Structures are given as structure tokens and as C-alpha cells.
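As C-alpha cells, the structure follows; a few thoughts come after it.
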Amino acid sequence: SQPQGVAVDGNGNVYFSQGTGISEIPPGCTSSTCRLGVGGGFSQPHGIAVDGAGNLYVADSGANAVELVPAGCTAASCVITLGGGFSQPQGVTVDESDNVYVADSGSNAVKEIGPGCFSSSCVTTLAGAFNHPEGVAVDATGNVYVADTNNAAVKEIPSGCNSSSCVTTLGSGFS
């Protein structure tokens, strides 16, 4: 039902967001009967990411939240809200140090949630001046890449940058 985001863990499990939930497809699964539900209680999950320990991060656009689904969690009761102050988050990614990066579409910004952050006081806006950012990725050196949808561009926030002045457009004119 309208899958939005997809992520794969180190064991080959495929996770995808759809409707109001997250599903897992184990390696070798080729039918809907072997799919598993993960977490629960989401409003409109879009982007998802998985870290090295198998924890899932969900950009829940309808709830204006970023959620952590601990590895092995299959119930809504174990889902943890990270950070705060989001407005229609669309994309999410996590680096090797467990910093979480969020394409926060409603605020036209990319935000960073520090490891173990459970309040808005530890959410940092890396850069604004985007126009409906949807996708976000981070490389091994900490550079963050953003799909800036309504500007039809892909942009880079260099590692250590925390203002719009150092954002670089890598490509534009996309439709």
C-alpha cells in the first residue's frame, strides 16, 4: 500500500514503509506470507534507515516525528521518539556514530539528531533554505546529501557545516 521508503540491514533484511506501518522482508522471502510487521503506531512513515546494530529510524511525516525502532521490536510500545520540533520529516539517514540526519520538509531544513537524543534541545539545524527536501544520505566522512525537491536539485552539506552559506549544489534542473 504505497511504499515510501526502503532500507536494508547487514543481514539482508529489507524494510519498507507503507501506509501506517513498517514491514520487513527476510532474505529469501518471495511472497507476502513471510513479511513481518515492525514497530507500529505510525501516522505516515516515509523515509527509513537502519544502523549497524539493526535499529530502524523512521521519518513519520504525519506525526511530525522521527522514531527509533530498536532491533527486534515488533510492537508499538517499544518505539521511541527522537529529538523533536519536526515538521513533515520525509527522509532520514544515520551515520556510523549514530548521528541521525533528517530532511525536514515542512521547515525546509536538514536537521541532525545527536546520539541518544530524546528532546528538541539536542536537534541541530544544519542548513535551511531548501524547498521541500525529501531525501537525505550521509557518506563515511560526514558529508550530507539532500534531494531538494522543489528546487529540482541535489545539494551537499559538507561535514562540519551548520549554515546555509556552505551548502553546494551538485546538480540541478531535475524534473
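Each chain in the C-alpha cells gets a letter, A, B, ..., in the order shown, and its residues are numbered from 1; ligands are numbered from 1 in order too.
By only C-alpha atoms, and with residues fewer than 2 positions from Asp139 in chain A along its chain excluded, the set lying at most 10 Å from it is Val94, Asp95, Glu96, Ala137, Thr141, Gly142, Asn143, Val144, Tyr145 and Ser159 of chain A.
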If you keep N, CA, C and O atoms, can you produce a file of those selected residues as a compact mmCIF listing (two decimals), in the first residue's frame?
# COMPACT_ATOMS: atom_id res chain seq x y z
N VAL A 94 21.34 7.61 8.90
CA VAL A 94 22.14 7.53 10.13
C VAL A 94 23.58 7.22 9.75
O VAL A 94 23.84 6.46 8.83
N ASP A 95 24.53 7.86 10.46
CA ASP A 95 25.94 7.60 10.17
C ASP A 95 26.50 6.57 11.15
O ASP A 95 25.80 6.06 12.02
N GLU A 96 27.79 6.26 11.00
CA GLU A 96 28.43 5.23 11.81
C GLU A 96 28.52 5.60 13.29
O GLU A 96 28.71 4.73 14.14
N ALA A 137 21.13 11.57 2.59
CA ALA A 137 22.11 10.49 2.75
C ALA A 137 23.37 11.10 3.33
O ALA A 137 23.62 12.30 3.20
N THR A 141 32.56 10.22 5.47
CA THR A 141 33.30 11.35 6.03
C THR A 141 32.39 12.41 6.63
O THR A 141 32.87 13.45 7.08
N GLY A 142 31.07 12.18 6.63
CA GLY A 142 30.14 13.10 7.27
C GLY A 142 29.52 14.14 6.37
O GLY A 142 28.82 15.03 6.83
N ASN A 143 29.77 14.05 5.06
CA ASN A 143 29.10 14.95 4.12
C ASN A 143 27.65 14.48 3.97
O ASN A 143 27.40 13.28 3.84
N VAL A 144 26.72 15.42 3.99
CA VAL A 144 25.30 15.10 3.89
C VAL A 144 24.79 15.54 2.53
O VAL A 144 25.07 16.66 2.08
N TYR A 145 24.03 14.67 1.86
CA TYR A 145 23.49 14.93 0.54
C TYR A 145 21.98 15.01 0.63
O TYR A 145 21.34 14.21 1.32
N SER A 159 30.77 18.16 5.65
CA SER A 159 30.98 17.79 7.05
C SER A 159 31.41 19.02 7.84
O SER A 159 32.27 19.77 7.40
Sort by chain and increasing residue number a table of all residues of range 33-137 of chain A within 6 Å of range 7-20 of chain A, each with its closest pair of atoms and their distance in Å to one decimal, counting only C-alpha atoms, and write it as JSON lines.
{"residue": "A:Phe42", "atom": "CA", "partner": "A:Thr20", "partner_atom": "CA", "distance": 5.1}
{"residue": "A:Ser43", "atom": "CA", "partner": "A:Thr20", "partner_atom": "CA", "distance": 5.2}
{"residue": "A:Gln44", "atom": "CA", "partner": "A:Thr20", "partner_atom": "CA", "distance": 5.4}
{"residue": "A:Pro45", "atom": "CA", "partner": "A:Ser17", "partner_atom": "CA", "distance": 5.8}
{"residue": "A:Ala49", "atom": "CA", "partner": "A:Ala7", "partner_atom": "CA", "distance": 5.4}
Neighbour list for Pro89 in chain A as number ranges by chain, cut-off 8 Å, only C-alpha atoms, skip fewer than 5 positions in-chain | A: 46, 59-61, 64-66, 102-106, 134
Would you export the selected residues with N, CA and C atoms as a tab-separated table (two decimals), in the first residue's frame, please?
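Result went into result-v9.tsv, see below:
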chain	number	residue	atom	x	y	z
A	46	HIS	N	7.57	7.74	6.12
A	46	HIS	CA	8.15	7.95	4.79
A	46	HIS	C	9.53	7.32	4.76
A	59	ALA	N	11.19	8.41	9.56
A	59	ALA	CA	10.67	9.77	9.44
A	59	ALA	C	9.16	9.63	9.31
A	60	ASP	N	8.45	9.90	10.41
A	60	ASP	CA	6.99	9.76	10.44
A	60	ASP	C	6.37	11.12	10.17
A	61	SER	N	6.14	11.39	8.90
A	61	SER	CA	5.70	12.70	8.45
A	61	SER	C	4.38	13.13	9.09
A	64	ASN	N	4.89	14.26	12.60
A	64	ASN	CA	5.94	15.28	12.78
A	64	ASN	C	7.01	14.79	13.75
A	65	ALA	N	7.44	13.54	13.53
A	65	ALA	CA	8.39	12.92	14.46
A	65	ALA	C	9.39	12.04	13.74
A	66	VAL	N	10.52	11.80	14.41
A	66	VAL	CA	11.47	10.79	13.97
A	66	VAL	C	11.47	9.73	15.06
A	102	VAL	N	17.94	14.35	9.12
A	102	VAL	CA	16.53	14.35	8.74
A	102	VAL	C	16.27	15.43	7.69
A	103	ALA	N	15.63	15.04	6.58
A	103	ALA	CA	15.12	16.01	5.61
A	103	ALA	C	13.76	16.44	6.14
A	104	ASP	N	13.71	17.63	6.75
A	104	ASP	CA	12.51	18.13	7.41
A	104	ASP	C	11.78	19.06	6.45
A	105	SER	N	10.89	18.48	5.66
A	105	SER	CA	10.26	19.20	4.55
A	105	SER	C	9.47	20.41	4.97
A	106	GLY	N	8.69	20.29	6.04
A	106	GLY	CA	7.84	21.40	6.47
A	106	GLY	C	8.62	22.62	6.93
A	134	GLU	N	13.41	16.12	0.54
A	134	GLU	CA	12.78	14.81	0.77
A	134	GLU	C	13.76	13.70	1.06
Pick from A:Ala129, A:Cys34, A:Val6, A:Ile80: nearest to Lys155 in chain A, with only C-alpha atoms counted?
->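 Ranked by minimum distance to Lys155 in chain A, first place goes to A:Ala129.
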Find the spatial neighbours of Phe130 in chain A, counting only C-alpha atoms, within a cut-off of 12 Å - ignore same-chain residues fewer than 4 positions away - and output them as a PyMOL selection string.
-> chain A and resi 103-111+125-126+134-135+146-157+163-165+167-169
For the selection just defined, write its residues with N, CA and C atoms to a file, as a CSV table (one decimal), in the first residue's frame.
chain,number,residue,atom,x,y,z
A,103,ALA,N,15.6,15.0,6.6
A,103,ALA,CA,15.1,16.0,5.6
A,103,ALA,C,13.8,16.4,6.1
A,104,ASP,N,13.7,17.6,6.8
A,104,ASP,CA,12.5,18.1,7.4
A,104,ASP,C,11.8,19.1,6.4
A,105,SER,N,10.9,18.5,5.7
A,105,SER,CA,10.3,19.2,4.6
A,105,SER,C,9.5,20.4,5.0
A,106,GLY,N,8.7,20.3,6.0
A,106,GLY,CA,7.8,21.4,6.5
A,106,GLY,C,8.6,22.6,6.9
A,107,SER,N,9.8,22.4,7.4
A,107,SER,CA,10.7,23.6,7.8
A,107,SER,C,11.7,23.9,6.8
A,108,ASN,N,11.7,23.2,5.7
A,108,ASN,CA,12.7,23.4,4.6
A,108,ASN,C,14.1,23.4,5.1
A,109,ALA,N,14.4,22.4,5.9
A,109,ALA,CA,15.7,22.4,6.5
A,109,ALA,C,16.2,20.9,6.6
A,110,VAL,N,17.5,20.8,6.8
A,110,VAL,CA,18.1,19.5,7.2
A,110,VAL,C,18.5,19.6,8.6
A,111,LYS,N,18.1,18.6,9.5
A,111,LYS,CA,18.4,18.6,10.9
A,111,LYS,C,19.2,17.4,11.3
A,125,THR,N,19.9,22.4,13.5
A,125,THR,CA,19.6,22.6,12.1
A,125,THR,C,20.9,22.8,11.4
A,126,LEU,N,21.2,21.9,10.4
A,126,LEU,CA,22.5,22.0,9.7
A,126,LEU,C,22.4,23.1,8.7
A,134,GLU,N,13.4,16.1,0.5
A,134,GLU,CA,12.8,14.8,0.8
A,134,GLU,C,13.8,13.7,1.1
A,135,GLY,N,14.8,13.6,0.3
A,135,GLY,CA,15.8,12.5,0.5
A,135,GLY,C,17.1,13.1,1.2
A,146,VAL,N,21.4,16.0,-0.1
A,146,VAL,CA,20.0,16.3,0.1
A,146,VAL,C,19.3,16.4,-1.3
A,147,ALA,N,18.2,15.7,-1.4
A,147,ALA,CA,17.3,15.8,-2.6
A,147,ALA,C,16.4,17.0,-2.3
A,148,ASP,N,16.7,18.1,-2.9
A,148,ASP,CA,15.9,19.4,-2.7
A,148,ASP,C,14.8,19.5,-3.7
A,149,THR,N,13.7,18.8,-3.4
A,149,THR,CA,12.7,18.5,-4.4
A,149,THR,C,12.2,19.7,-5.2
A,150,ASN,N,11.7,20.7,-4.6
A,150,ASN,CA,11.0,21.8,-5.3
A,150,ASN,C,12.1,22.8,-5.9
A,151,ASN,N,13.3,22.7,-5.6
A,151,ASN,CA,14.4,23.4,-6.3
A,151,ASN,C,15.0,22.5,-7.4
A,152,ALA,N,14.5,21.3,-7.5
A,152,ALA,CA,14.9,20.4,-8.6
A,152,ALA,C,16.4,20.2,-8.6
A,153,ALA,N,17.0,20.0,-7.3
A,153,ALA,CA,18.4,19.9,-7.2
A,153,ALA,C,18.9,18.9,-6.2
A,154,VAL,N,20.1,18.5,-6.3
A,154,VAL,CA,20.8,17.7,-5.3
A,154,VAL,C,21.9,18.5,-4.7
A,155,LYS,N,21.9,18.6,-3.4
A,155,LYS,CA,22.8,19.5,-2.7
A,155,LYS,C,23.7,18.8,-1.7
A,156,GLU,N,24.8,19.4,-1.4
A,156,GLU,CA,25.7,18.8,-0.4
A,156,GLU,C,25.9,19.8,0.8
A,157,ILE,N,25.8,19.2,2.0
A,157,ILE,CA,26.2,20.0,3.2
A,157,ILE,C,27.5,19.3,3.6
A,163,SER,N,25.4,25.9,8.5
A,163,SER,CA,24.7,27.1,8.0
A,163,SER,C,24.4,26.9,6.5
A,164,SER,N,23.5,27.6,5.9
A,164,SER,CA,23.2,27.5,4.5
A,164,SER,C,24.3,28.1,3.6
A,165,SER,N,25.2,28.9,4.2
A,165,SER,CA,26.2,29.5,3.4
A,165,SER,C,27.2,28.5,2.8
A,167,VAL,N,26.4,25.3,1.8
A,167,VAL,CA,25.7,24.3,1.0
A,167,VAL,C,26.1,24.5,-0.5
A,168,THR,N,26.4,23.3,-1.1
A,168,THR,CA,26.8,23.4,-2.5
A,168,THR,C,25.8,22.6,-3.4
A,169,THR,N,25.4,23.1,-4.5
A,169,THR,CA,24.6,22.4,-5.4
A,169,THR,C,25.4,21.5,-6.3
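Across the structure, CA of Glu24 in chain A and CA of Val38 in chain A are spaced 6.7 Å apart.
Scanning range 109-147 of chain A with DSSP on the backbone, the strand (DSSP E) assignments fall on Ala109, Val110, Lys111, Glu112, Ile113, Val123, Thr124, Thr125, Leu126, Ala127, Pro133, Glu134, Gly135, Val136, Ala137, Val138, Val144, Tyr145, Val146 and Ala147 of chain A.
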May I ask which of the residues A:Pro3, A:Pro70, A:Gly28, A:Gly85 is the closest one to Gly47 in chain A, counting only C-alpha atoms?
-> A:Pro3
Have a look at CA of Leu68 in chain A and CA of Leu56 in chain A and let me know their distance in Å, one decimal.
->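 CA of Leu56 in chain A lies at a distance of 5.8 Å from CA of Leu68 in chain A.
Here CA of Val100 in chain A and CA of Gly116 in chain A stand 9.9 Å from one another.
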Write out as a count of residues only the residues lying within 7 Å of range 72-74 of chain A, counting only C-alpha atoms and excluding same-chain residues fewer than 3 positions away.
-> 5
Near-Cys122 in chain A list (7 Å; only C-alpha atoms; drop same-chain fewer than 5 positions) as an MDAnalysis selection string | chainID A and resid 83 113:114 117
Given the choices A:Ala76, A:Val92, A:Cys29, A:Cys166, which gets closest to Ala127 in chain A if the distance is worked out from only C-alpha atoms?
->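 Going through A:Ala76, A:Val92, A:Cys29, A:Cys166 one by one, the smallest distance to Ala127 in chain A is for A:Cys166.
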